[in-house]
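Student: Just so it is clear, I am handing over my_file-v8.cif, which has mmCIF, N, CA and C atoms.
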data_coords
loop_
_atom_site.label_atom_id
_atom_site.label_comp_id
_atom_site.auth_asym_id
_atom_site.auth_seq_id
_atom_site.Cartn_x
_atom_site.Cartn_y
_atom_site.Cartn_z
N PRO A 1 0.83 -1.21 0.00
CA PRO A 1 0.00 0.00 0.00
C PRO A 1 0.86 1.26 0.00
N GLN A 2 0.35 2.30 -0.63
CA GLN A 2 1.08 3.56 -0.70
C GLN A 2 0.94 4.31 0.62
N SER A 3 1.97 5.06 0.96
CA SER A 3 1.88 5.92 2.13
C SER A 3 0.98 7.11 1.78
N PRO A 4 0.45 7.79 2.80
CA PRO A 4 -0.39 8.97 2.50
C PRO A 4 0.34 10.00 1.67
N ASP A 5 1.64 10.19 1.91
CA ASP A 5 2.40 11.18 1.13
C ASP A 5 2.49 10.77 -0.34
N ALA A 6 2.74 9.51 -0.61
CA ALA A 6 2.83 9.03 -1.99
C ALA A 6 1.48 9.17 -2.70
N ALA A 7 0.41 8.86 -1.97
CA ALA A 7 -0.93 8.98 -2.56
C ALA A 7 -1.24 10.44 -2.89
N ALA A 8 -0.86 11.35 -2.01
CA ALA A 8 -1.10 12.77 -2.25
C ALA A 8 -0.29 13.26 -3.44
N ILE A 9 0.96 12.82 -3.54
CA ILE A 9 1.80 13.22 -4.66
C ILE A 9 1.23 12.68 -5.97
N PHE A 10 0.80 11.42 -5.97
CA PHE A 10 0.20 10.84 -7.17
C PHE A 10 -1.04 11.63 -7.60
N LYS A 11 -1.86 12.03 -6.63
CA LYS A 11 -3.07 12.79 -6.95
C LYS A 11 -2.70 14.12 -7.62
N VAL A 12 -1.71 14.81 -7.07
CA VAL A 12 -1.29 16.09 -7.65
C VAL A 12 -0.74 15.88 -9.06
N ILE A 13 0.08 14.85 -9.24
CA ILE A 13 0.66 14.58 -10.56
C ILE A 13 -0.45 14.29 -11.56
N SER A 14 -1.43 13.47 -11.16
CA SER A 14 -2.50 13.13 -12.10
C SER A 14 -3.38 14.33 -12.40
N MET A 15 -3.44 15.31 -11.48
CA MET A 15 -4.24 16.50 -11.71
C MET A 15 -3.52 17.51 -12.60
N LEU A 16 -2.20 17.40 -12.72
CA LEU A 16 -1.45 18.41 -13.44
C LEU A 16 -1.74 18.42 -14.94
N LYS A 17 -2.00 17.28 -15.51
CA LYS A 17 -2.19 17.25 -16.95
C LYS A 17 -3.46 16.47 -17.30
N PRO A 18 -4.59 17.16 -17.36
CA PRO A 18 -5.81 16.48 -17.77
C PRO A 18 -5.68 15.92 -19.19
N ARG A 19 -6.36 14.85 -19.45
CA ARG A 19 -6.32 14.22 -20.77
C ARG A 19 -7.59 14.56 -21.54
N GLN A 20 -7.53 14.43 -22.85
CA GLN A 20 -8.70 14.69 -23.69
C GLN A 20 -9.14 13.46 -24.47
N ASP A 21 -8.50 12.32 -24.19
CA ASP A 21 -8.77 11.11 -24.97
C ASP A 21 -9.36 9.97 -24.15
N LEU A 22 -9.96 10.27 -23.00
CA LEU A 22 -10.50 9.21 -22.14
C LEU A 22 -11.89 8.78 -22.60
N THR A 23 -12.19 7.51 -22.40
CA THR A 23 -13.47 6.93 -22.78
C THR A 23 -14.26 6.57 -21.53
N PRO A 24 -15.54 6.96 -21.45
CA PRO A 24 -16.35 6.58 -20.29
C PRO A 24 -16.36 5.07 -20.08
N ASN A 25 -16.61 4.67 -18.84
CA ASN A 25 -16.68 3.27 -18.43
C ASN A 25 -15.34 2.55 -18.55
N THR A 26 -14.26 3.29 -18.35
CA THR A 26 -12.93 2.69 -18.30
C THR A 26 -12.28 3.10 -16.98
N ALA A 27 -11.27 2.35 -16.57
CA ALA A 27 -10.56 2.68 -15.34
C ALA A 27 -9.90 4.06 -15.45
N ALA A 28 -9.33 4.36 -16.61
CA ALA A 28 -8.67 5.65 -16.79
C ALA A 28 -9.67 6.80 -16.63
N TYR A 29 -10.87 6.65 -17.16
CA TYR A 29 -11.90 7.69 -17.07
C TYR A 29 -12.27 7.96 -15.62
N GLU A 30 -12.26 6.91 -14.81
CA GLU A 30 -12.66 7.03 -13.40
C GLU A 30 -11.53 7.51 -12.50
N THR A 31 -10.30 7.52 -12.99
CA THR A 31 -9.17 7.87 -12.13
C THR A 31 -8.34 9.04 -12.65
N GLN A 32 -8.66 9.56 -13.83
CA GLN A 32 -7.91 10.67 -14.40
C GLN A 32 -8.86 11.77 -14.88
N ALA A 33 -8.31 12.95 -14.95
CA ALA A 33 -9.11 14.10 -15.37
C ALA A 33 -9.28 14.14 -16.88
N LEU A 34 -10.52 14.27 -17.33
CA LEU A 34 -10.85 14.47 -18.74
C LEU A 34 -11.28 15.92 -18.91
N VAL A 35 -10.57 16.66 -19.75
CA VAL A 35 -10.94 18.03 -20.09
C VAL A 35 -10.59 18.24 -21.55
N LYS A 36 -11.60 18.36 -22.38
CA LYS A 36 -11.35 18.66 -23.79
C LYS A 36 -11.11 20.16 -23.92
N PRO A 37 -10.07 20.56 -24.64
CA PRO A 37 -9.73 21.98 -24.73
C PRO A 37 -10.77 22.83 -25.44
N THR A 38 -11.67 22.21 -26.19
CA THR A 38 -12.69 22.95 -26.93
C THR A 38 -13.71 23.62 -26.02
N GLY A 39 -13.71 23.28 -24.73
CA GLY A 39 -14.68 23.86 -23.80
C GLY A 39 -14.35 25.27 -23.35
N PHE A 40 -13.10 25.68 -23.51
CA PHE A 40 -12.70 27.01 -23.07
C PHE A 40 -13.14 28.05 -24.09
N ARG A 41 -13.85 29.06 -23.62
CA ARG A 41 -14.33 30.16 -24.47
C ARG A 41 -13.71 31.47 -24.01
N GLU A 42 -13.99 32.54 -24.74
CA GLU A 42 -13.45 33.85 -24.37
C GLU A 42 -13.95 34.30 -23.01
N TYR A 43 -15.20 34.06 -22.70
CA TYR A 43 -15.82 34.64 -21.51
C TYR A 43 -16.37 33.59 -20.55
N ASP A 44 -16.31 32.31 -20.91
CA ASP A 44 -16.79 31.26 -20.03
C ASP A 44 -16.22 29.92 -20.46
N ALA A 45 -16.71 28.87 -19.88
CA ALA A 45 -16.27 27.52 -20.23
C ALA A 45 -17.51 26.65 -20.36
N ARG A 46 -17.57 25.84 -21.43
CA ARG A 46 -18.75 25.02 -21.69
C ARG A 46 -18.33 23.64 -22.18
N TRP A 47 -18.76 22.64 -21.46
CA TRP A 47 -18.52 21.25 -21.86
C TRP A 47 -19.81 20.46 -21.70
N ILE A 48 -19.88 19.32 -22.34
CA ILE A 48 -20.95 18.36 -22.10
C ILE A 48 -20.39 17.35 -21.11
N LEU A 49 -21.01 17.30 -19.93
CA LEU A 49 -20.55 16.43 -18.86
C LEU A 49 -20.53 14.98 -19.33
N GLU A 50 -19.47 14.30 -18.99
CA GLU A 50 -19.19 12.90 -19.27
C GLU A 50 -18.66 12.65 -20.68
N LYS A 51 -18.96 13.52 -21.63
CA LYS A 51 -18.44 13.36 -22.99
C LYS A 51 -17.19 14.20 -23.21
N GLU A 52 -17.18 15.41 -22.64
CA GLU A 52 -16.08 16.33 -22.86
C GLU A 52 -15.31 16.67 -21.58
N ILE A 53 -15.92 16.36 -20.46
CA ILE A 53 -15.28 16.62 -19.16
C ILE A 53 -15.89 15.66 -18.14
N ASN A 54 -15.07 15.18 -17.21
CA ASN A 54 -15.61 14.35 -16.13
C ASN A 54 -15.45 15.11 -14.81
N LEU A 55 -15.90 14.51 -13.71
CA LEU A 55 -15.84 15.22 -12.44
C LEU A 55 -14.40 15.50 -12.00
N LEU A 56 -13.48 14.60 -12.30
CA LEU A 56 -12.07 14.88 -12.00
C LEU A 56 -11.55 16.03 -12.86
N GLY A 57 -12.08 16.17 -14.06
CA GLY A 57 -11.73 17.30 -14.91
C GLY A 57 -12.25 18.61 -14.33
N ILE A 58 -13.46 18.56 -13.77
CA ILE A 58 -14.03 19.74 -13.10
C ILE A 58 -13.16 20.12 -11.91
N GLN A 59 -12.73 19.11 -11.16
CA GLN A 59 -11.85 19.35 -10.02
C GLN A 59 -10.54 19.99 -10.48
N ALA A 60 -9.97 19.48 -11.56
CA ALA A 60 -8.74 20.06 -12.12
C ALA A 60 -8.97 21.50 -12.57
N LEU A 61 -10.15 21.76 -13.12
CA LEU A 61 -10.50 23.11 -13.54
C LEU A 61 -10.51 24.05 -12.34
N GLY A 62 -11.09 23.60 -11.22
CA GLY A 62 -11.10 24.41 -10.00
C GLY A 62 -9.70 24.70 -9.49
N LEU A 63 -8.85 23.68 -9.51
CA LEU A 63 -7.47 23.86 -9.07
C LEU A 63 -6.74 24.84 -10.00
N GLY A 64 -6.97 24.70 -11.29
CA GLY A 64 -6.35 25.62 -12.25
C GLY A 64 -6.82 27.05 -12.06
N LEU A 65 -8.11 27.22 -11.82
CA LEU A 65 -8.66 28.56 -11.59
C LEU A 65 -8.06 29.17 -10.33
N ALA A 66 -7.99 28.39 -9.27
CA ALA A 66 -7.41 28.89 -8.02
C ALA A 66 -5.94 29.28 -8.22
N THR A 67 -5.21 28.47 -8.94
CA THR A 67 -3.81 28.77 -9.22
C THR A 67 -3.68 30.07 -9.99
N PHE A 68 -4.53 30.25 -11.00
CA PHE A 68 -4.51 31.47 -11.80
C PHE A 68 -4.83 32.69 -10.94
N VAL A 69 -5.84 32.59 -10.08
CA VAL A 69 -6.22 33.71 -9.22
C VAL A 69 -5.04 34.11 -8.33
N HIS A 70 -4.34 33.13 -7.76
CA HIS A 70 -3.16 33.44 -6.94
C HIS A 70 -2.06 34.09 -7.78
N GLU A 71 -1.85 33.58 -8.98
CA GLU A 71 -0.77 34.09 -9.83
C GLU A 71 -0.99 35.54 -10.24
N ILE A 72 -2.24 35.94 -10.46
CA ILE A 72 -2.49 37.32 -10.88
C ILE A 72 -2.69 38.26 -9.70
N GLY A 73 -2.61 37.72 -8.48
CA GLY A 73 -2.64 38.57 -7.29
C GLY A 73 -4.02 39.03 -6.86
N VAL A 74 -5.06 38.33 -7.30
CA VAL A 74 -6.42 38.67 -6.89
C VAL A 74 -6.72 37.98 -5.56
N LYS A 75 -7.50 38.63 -4.73
CA LYS A 75 -7.91 38.04 -3.46
C LYS A 75 -8.56 36.67 -3.73
N PRO A 76 -8.08 35.60 -3.13
CA PRO A 76 -8.58 34.25 -3.44
C PRO A 76 -9.90 33.93 -2.74
N ARG A 77 -10.94 34.59 -3.19
CA ARG A 77 -12.28 34.45 -2.60
C ARG A 77 -13.28 34.38 -3.76
N ILE A 78 -14.12 33.34 -3.76
CA ILE A 78 -15.02 33.12 -4.89
C ILE A 78 -16.41 32.72 -4.41
N VAL A 79 -17.42 33.24 -5.07
CA VAL A 79 -18.81 32.83 -4.87
C VAL A 79 -19.13 31.76 -5.91
N VAL A 80 -19.75 30.67 -5.47
CA VAL A 80 -20.17 29.62 -6.39
C VAL A 80 -21.64 29.30 -6.16
N GLY A 81 -22.32 28.97 -7.26
CA GLY A 81 -23.72 28.56 -7.19
C GLY A 81 -23.98 27.50 -8.24
N HIS A 82 -25.15 26.89 -8.17
CA HIS A 82 -25.52 25.87 -9.17
C HIS A 82 -27.00 26.00 -9.51
N ASP A 83 -27.36 25.53 -10.73
CA ASP A 83 -28.74 25.59 -11.17
C ASP A 83 -29.51 24.33 -10.74
N PHE A 84 -30.72 24.19 -11.25
CA PHE A 84 -31.66 23.15 -10.79
C PHE A 84 -31.42 21.77 -11.36
N ARG A 85 -30.54 21.62 -12.33
CA ARG A 85 -30.35 20.32 -12.96
C ARG A 85 -29.81 19.30 -11.96
N GLY A 86 -30.21 18.06 -12.10
CA GLY A 86 -29.88 17.03 -11.13
C GLY A 86 -28.39 16.82 -10.92
N TYR A 87 -27.59 17.04 -11.94
CA TYR A 87 -26.15 16.81 -11.83
C TYR A 87 -25.36 18.06 -11.47
N SER A 88 -25.99 19.22 -11.43
CA SER A 88 -25.26 20.47 -11.20
C SER A 88 -24.61 20.52 -9.82
N LEU A 89 -25.26 19.96 -8.81
CA LEU A 89 -24.68 19.97 -7.47
C LEU A 89 -23.37 19.18 -7.44
N SER A 90 -23.33 18.01 -8.06
CA SER A 90 -22.10 17.22 -8.05
C SER A 90 -20.99 17.92 -8.85
N VAL A 91 -21.35 18.60 -9.92
CA VAL A 91 -20.36 19.37 -10.68
C VAL A 91 -19.82 20.50 -9.81
N LYS A 92 -20.70 21.20 -9.12
CA LYS A 92 -20.26 22.29 -8.25
C LYS A 92 -19.38 21.77 -7.12
N GLN A 93 -19.73 20.64 -6.54
CA GLN A 93 -18.91 20.08 -5.46
C GLN A 93 -17.51 19.71 -5.96
N ALA A 94 -17.41 19.16 -7.16
CA ALA A 94 -16.10 18.84 -7.73
C ALA A 94 -15.30 20.12 -7.95
N LEU A 95 -15.96 21.16 -8.45
CA LEU A 95 -15.30 22.45 -8.66
C LEU A 95 -14.79 23.01 -7.33
N ILE A 96 -15.62 22.93 -6.31
CA ILE A 96 -15.25 23.45 -4.99
C ILE A 96 -14.03 22.71 -4.44
N ILE A 97 -13.98 21.40 -4.61
CA ILE A 97 -12.82 20.63 -4.13
C ILE A 97 -11.54 21.17 -4.77
N GLY A 98 -11.57 21.39 -6.08
CA GLY A 98 -10.40 21.93 -6.75
C GLY A 98 -10.05 23.33 -6.28
N LEU A 99 -11.06 24.17 -6.10
CA LEU A 99 -10.83 25.53 -5.62
C LEU A 99 -10.19 25.52 -4.23
N LEU A 100 -10.71 24.66 -3.35
CA LEU A 100 -10.16 24.56 -2.00
C LEU A 100 -8.74 24.01 -2.02
N GLU A 101 -8.50 23.01 -2.87
CA GLU A 101 -7.13 22.47 -3.01
C GLU A 101 -6.16 23.56 -3.44
N GLY A 102 -6.66 24.51 -4.21
CA GLY A 102 -5.82 25.61 -4.68
C GLY A 102 -5.74 26.78 -3.73
N GLY A 103 -6.35 26.67 -2.57
CA GLY A 103 -6.22 27.71 -1.56
C GLY A 103 -7.21 28.85 -1.65
N MET A 104 -8.35 28.62 -2.30
CA MET A 104 -9.37 29.67 -2.40
C MET A 104 -10.35 29.57 -1.23
N GLU A 105 -10.88 30.71 -0.83
CA GLU A 105 -12.01 30.75 0.09
C GLU A 105 -13.26 30.65 -0.77
N VAL A 106 -14.13 29.69 -0.48
CA VAL A 106 -15.31 29.45 -1.30
C VAL A 106 -16.56 29.83 -0.52
N LEU A 107 -17.38 30.66 -1.13
CA LEU A 107 -18.67 31.07 -0.56
C LEU A 107 -19.75 30.44 -1.43
N ASP A 108 -20.34 29.37 -0.95
CA ASP A 108 -21.33 28.61 -1.71
C ASP A 108 -22.72 29.18 -1.46
N VAL A 109 -23.33 29.75 -2.50
CA VAL A 109 -24.67 30.32 -2.36
C VAL A 109 -25.76 29.30 -2.67
N GLY A 110 -25.36 28.06 -3.00
CA GLY A 110 -26.32 26.98 -3.20
C GLY A 110 -27.06 27.08 -4.52
N LEU A 111 -28.29 26.58 -4.52
CA LEU A 111 -29.16 26.61 -5.69
C LEU A 111 -29.50 28.06 -6.00
N ALA A 112 -29.20 28.50 -7.21
CA ALA A 112 -29.36 29.93 -7.51
C ALA A 112 -29.54 30.15 -9.00
N LEU A 113 -30.11 31.29 -9.34
CA LEU A 113 -30.10 31.78 -10.70
C LEU A 113 -28.79 32.54 -10.91
N SER A 114 -28.31 32.61 -12.12
CA SER A 114 -27.03 33.29 -12.38
C SER A 114 -26.99 34.71 -11.81
N PRO A 115 -28.04 35.53 -11.97
CA PRO A 115 -27.97 36.88 -11.40
C PRO A 115 -27.81 36.88 -9.87
N MET A 116 -28.30 35.83 -9.21
CA MET A 116 -28.13 35.75 -7.76
C MET A 116 -26.66 35.53 -7.41
N ALA A 117 -25.97 34.69 -8.18
CA ALA A 117 -24.55 34.46 -7.94
C ALA A 117 -23.76 35.74 -8.18
N TYR A 118 -24.10 36.47 -9.24
CA TYR A 118 -23.41 37.73 -9.51
C TYR A 118 -23.67 38.75 -8.40
N PHE A 119 -24.91 38.79 -7.90
CA PHE A 119 -25.22 39.67 -6.77
C PHE A 119 -24.37 39.27 -5.56
N GLY A 120 -24.29 37.96 -5.29
CA GLY A 120 -23.49 37.47 -4.17
C GLY A 120 -22.04 37.87 -4.29
N GLN A 121 -21.52 37.86 -5.50
CA GLN A 121 -20.13 38.26 -5.71
C GLN A 121 -19.87 39.65 -5.14
N PHE A 122 -20.76 40.58 -5.40
CA PHE A 122 -20.57 41.95 -4.92
C PHE A 122 -21.00 42.12 -3.48
N ASP A 123 -22.10 41.50 -3.10
CA ASP A 123 -22.59 41.64 -1.73
C ASP A 123 -21.67 40.97 -0.72
N LEU A 124 -21.00 39.90 -1.12
CA LEU A 124 -20.11 39.16 -0.23
C LEU A 124 -18.64 39.53 -0.41
N ASP A 125 -18.39 40.58 -1.20
CA ASP A 125 -17.04 41.10 -1.42
C ASP A 125 -16.08 40.03 -1.92
N ALA A 126 -16.49 39.38 -3.00
CA ALA A 126 -15.64 38.36 -3.62
C ALA A 126 -15.29 38.82 -5.04
N PRO A 127 -14.03 38.84 -5.40
CA PRO A 127 -13.66 39.28 -6.74
C PRO A 127 -13.94 38.24 -7.83
N CYS A 128 -14.31 37.02 -7.43
CA CYS A 128 -14.52 35.94 -8.39
C CYS A 128 -15.89 35.30 -8.20
N VAL A 129 -16.43 34.76 -9.30
CA VAL A 129 -17.71 34.07 -9.23
C VAL A 129 -17.68 32.91 -10.23
N ALA A 130 -18.32 31.80 -9.85
CA ALA A 130 -18.47 30.65 -10.76
C ALA A 130 -19.89 30.14 -10.60
N MET A 131 -20.60 30.08 -11.70
CA MET A 131 -21.98 29.60 -11.69
C MET A 131 -22.04 28.33 -12.54
N VAL A 132 -22.44 27.22 -11.92
CA VAL A 132 -22.57 25.95 -12.63
C VAL A 132 -23.97 25.87 -13.20
N THR A 133 -24.05 25.88 -14.51
CA THR A 133 -25.34 25.79 -15.20
C THR A 133 -25.14 25.08 -16.53
N ALA A 134 -26.20 24.51 -17.02
CA ALA A 134 -26.13 23.85 -18.33
C ALA A 134 -27.23 24.40 -19.22
N SER A 135 -27.50 25.67 -19.10
CA SER A 135 -28.59 26.26 -19.86
C SER A 135 -28.36 26.21 -21.37
N HIS A 136 -27.13 26.01 -21.78
CA HIS A 136 -26.81 25.95 -23.21
C HIS A 136 -26.96 24.53 -23.75
N ASN A 137 -27.16 23.55 -22.89
CA ASN A 137 -27.32 22.15 -23.33
C ASN A 137 -28.77 21.73 -23.29
N GLU A 138 -29.14 20.83 -24.18
CA GLU A 138 -30.49 20.26 -24.11
C GLU A 138 -30.50 19.26 -22.95
N ASN A 139 -31.52 19.33 -22.12
CA ASN A 139 -31.62 18.41 -20.97
C ASN A 139 -33.00 17.80 -20.94
#
Starting from the file, lay out its structure as structure tokens.

Tutor:
Amino acid sequence: PQSPDAAAIFKVISMLKPRQDLTPNTAAYETQALVKPTGFREYDARWILEKEINLLGIQALGLGLATFVHEIGVKPRIVVGHDFRGYSLSVKQALIIGLLEGGMEVLDVGLALSPMAYFGQFDLDAPCVAMVTASHNEN
């Protein structure tokens, strides 16, 4: 069995380079981050869950965002919310894990409409906001 330190190091190494070629229902899909680069947009990020990104990919995204926030010198404080879709809570939780791993303070506003999350950003004095929604996907 691996020591806790070795397991932690392995987790960090596997989070450093998400893959884009993983297939669902495989061991690799369940243990490595899937993030297709086509999801990154100018003003947001959009993927189809399980086909273009998995929960470990969402976690890697959170860690990457937290790292970026620290690198640019912004206060590491973020408001997060999620929409009504059944899977949005699990996506938000994976994002939060990555954000926390990266040293961000996370203010979870729970089930919300996007304007509520934006309001929370200003009312709670957070320079960052992340809203988990799939309004652009057919559900």

Student: Evaluate the PyMOL selection byres ((chain A and resi 42-55) around 7) against this structure - the residues, as JSON, numbers by chain, please.

Tutor: {"A": [24, 33, 34, 35, 36, 38, 39, 40, 41, 56, 57, 58, 59, 60, 90, 91, 94, 95]}

Student: May I have the selected residues written with N, CA and C atoms, as a PDB file, in the frame of the given file?

Tutor:
ATOM      1  N   PRO A  24     -15.540   6.960 -21.450  1.00  0.00           N
ATOM      2  CA  PRO A  24     -16.350   6.580 -20.290  1.00  0.00           C
ATOM      3  C   PRO A  24     -16.360   5.070 -20.080  1.00  0.00           C
ATOM      4  N   ALA A  33      -8.310  12.950 -14.950  1.00  0.00           N
ATOM      5  CA  ALA A  33      -9.110  14.100 -15.370  1.00  0.00           C
ATOM      6  C   ALA A  33      -9.280  14.140 -16.880  1.00  0.00           C
ATOM      7  N   LEU A  34     -10.520  14.270 -17.330  1.00  0.00           N
ATOM      8  CA  LEU A  34     -10.850  14.470 -18.740  1.00  0.00           C
ATOM      9  C   LEU A  34     -11.280  15.920 -18.910  1.00  0.00           C
ATOM     10  N   VAL A  35     -10.570  16.660 -19.750  1.00  0.00           N
ATOM     11  CA  VAL A  35     -10.940  18.030 -20.090  1.00  0.00           C
ATOM     12  C   VAL A  35     -10.590  18.240 -21.550  1.00  0.00           C
ATOM     13  N   LYS A  36     -11.600  18.360 -22.380  1.00  0.00           N
ATOM     14  CA  LYS A  36     -11.350  18.660 -23.790  1.00  0.00           C
ATOM     15  C   LYS A  36     -11.110  20.160 -23.920  1.00  0.00           C
ATOM     16  N   THR A  38     -11.670  22.210 -26.190  1.00  0.00           N
ATOM     17  CA  THR A  38     -12.690  22.950 -26.930  1.00  0.00           C
ATOM     18  C   THR A  38     -13.710  23.620 -26.020  1.00  0.00           C
ATOM     19  N   GLY A  39     -13.710  23.280 -24.730  1.00  0.00           N
ATOM     20  CA  GLY A  39     -14.680  23.860 -23.800  1.00  0.00           C
ATOM     21  C   GLY A  39     -14.350  25.270 -23.350  1.00  0.00           C
ATOM     22  N   PHE A  40     -13.100  25.680 -23.510  1.00  0.00           N
ATOM     23  CA  PHE A  40     -12.700  27.010 -23.070  1.00  0.00           C
ATOM     24  C   PHE A  40     -13.140  28.050 -24.090  1.00  0.00           C
ATOM     25  N   ARG A  41     -13.850  29.060 -23.620  1.00  0.00           N
ATOM     26  CA  ARG A  41     -14.330  30.160 -24.470  1.00  0.00           C
ATOM     27  C   ARG A  41     -13.710  31.470 -24.010  1.00  0.00           C
ATOM     28  N   LEU A  56     -13.480  14.600 -12.300  1.00  0.00           N
ATOM     29  CA  LEU A  56     -12.070  14.880 -12.000  1.00  0.00           C
ATOM     30  C   LEU A  56     -11.550  16.030 -12.860  1.00  0.00           C
ATOM     31  N   GLY A  57     -12.080  16.170 -14.060  1.00  0.00           N
ATOM     32  CA  GLY A  57     -11.730  17.300 -14.910  1.00  0.00           C
ATOM     33  C   GLY A  57     -12.250  18.610 -14.330  1.00  0.00           C
ATOM     34  N   ILE A  58     -13.460  18.560 -13.770  1.00  0.00           N
ATOM     35  CA  ILE A  58     -14.030  19.740 -13.100  1.00  0.00           C
ATOM     36  C   ILE A  58     -13.160  20.120 -11.910  1.00  0.00           C
ATOM     37  N   GLN A  59     -12.730  19.110 -11.160  1.00  0.00           N
ATOM     38  CA  GLN A  59     -11.850  19.350 -10.020  1.00  0.00           C
ATOM     39  C   GLN A  59     -10.540  19.990 -10.480  1.00  0.00           C
ATOM     40  N   ALA A  60      -9.970  19.480 -11.560  1.00  0.00           N
ATOM     41  CA  ALA A  60      -8.740  20.060 -12.120  1.00  0.00           C
ATOM     42  C   ALA A  60      -8.970  21.500 -12.570  1.00  0.00           C
ATOM     43  N   SER A  90     -23.330  18.010  -8.060  1.00  0.00           N
ATOM     44  CA  SER A  90     -22.100  17.220  -8.050  1.00  0.00           C
ATOM     45  C   SER A  90     -20.990  17.920  -8.850  1.00  0.00           C
ATOM     46  N   VAL A  91     -21.350  18.600  -9.920  1.00  0.00           N
ATOM     47  CA  VAL A  91     -20.360  19.370 -10.680  1.00  0.00           C
ATOM     48  C   VAL A  91     -19.820  20.500  -9.810  1.00  0.00           C
ATOM     49  N   ALA A  94     -17.410  19.160  -7.160  1.00  0.00           N
ATOM     50  CA  ALA A  94     -16.100  18.840  -7.730  1.00  0.00           C
ATOM     51  C   ALA A  94     -15.300  20.120  -7.950  1.00  0.00           C
ATOM     52  N   LEU A  95     -15.960  21.160  -8.450  1.00  0.00           N
ATOM     53  CA  LEU A  95     -15.300  22.450  -8.660  1.00  0.00           C
ATOM     54  C   LEU A  95     -14.790  23.010  -7.330  1.00  0.00           C
TER      55      LEU A  95
END

Student: So which residues touch A:Gly81 within 8 Å, counting all atoms listed in the file, skipping near sequence neighbours fewer than 5 positions away, as a list in words?

Tutor: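 Close residues of A:Gly81: Ser88, Leu89, Lys92, Leu107, Asp108, Val109, Gly110, Leu111, Ala112, Leu113, Ser114, Met116, Ala117, Tyr118, Val129, Ala130, Met131, Val132 and Thr133 of chain A.
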
Student: Could you name the residues that touch A:Gly62 at 6.5 Å or less, counting all atoms listed in the file, but leaving out those on the same chain fewer than 6 positions away, as a list in words?

Tutor: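 Once the nearby chain positions are removed, what remains is Ala94, Leu95, Ile96, Ile97, Gly98, Leu99, Leu100 and Gly102 of chain A.
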
Student: Taking only chain A into account, list the residues labelled alpha helix (DSSP H) by DSSP (computed from the backbone), as a ChimeraX atom specification.

Tutor: /A:4-16,27-31,55-71,88-101,114-123

Student: Could you please determine the separation between atom N of A:Pro76 and atom C of A:Pro115 in Å, to one decimal place?

Tutor: 20.9 Å

Student: Got a moment to write stretch 60-84 of chain A out with C-alpha atoms, as a compact mmCIF listing (two decimals), in the first residue's frame?

Tutor:
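Written out: part.txt:
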# COMPACT_ATOMS: atom_id res chain seq x y z
CA ALA A 60 -8.74 20.06 -12.12
CA LEU A 61 -10.50 23.11 -13.54
CA GLY A 62 -11.10 24.41 -10.00
CA LEU A 63 -7.47 23.86 -9.07
CA GLY A 64 -6.35 25.62 -12.25
CA LEU A 65 -8.66 28.56 -11.59
CA ALA A 66 -7.41 28.89 -8.02
CA THR A 67 -3.81 28.77 -9.22
CA PHE A 68 -4.51 31.47 -11.80
CA VAL A 69 -6.22 33.71 -9.22
CA HIS A 70 -3.16 33.44 -6.94
CA GLU A 71 -0.77 34.09 -9.83
CA ILE A 72 -2.49 37.32 -10.88
CA GLY A 73 -2.64 38.57 -7.29
CA VAL A 74 -6.42 38.67 -6.89
CA LYS A 75 -7.91 38.04 -3.46
CA PRO A 76 -8.58 34.25 -3.44
CA ARG A 77 -12.28 34.45 -2.60
CA ILE A 78 -15.02 33.12 -4.89
CA VAL A 79 -18.81 32.83 -4.87
CA VAL A 80 -20.17 29.62 -6.39
CA GLY A 81 -23.72 28.56 -7.19
CA HIS A 82 -25.52 25.87 -9.17
CA ASP A 83 -28.74 25.59 -11.17
CA PHE A 84 -31.66 23.15 -10.79
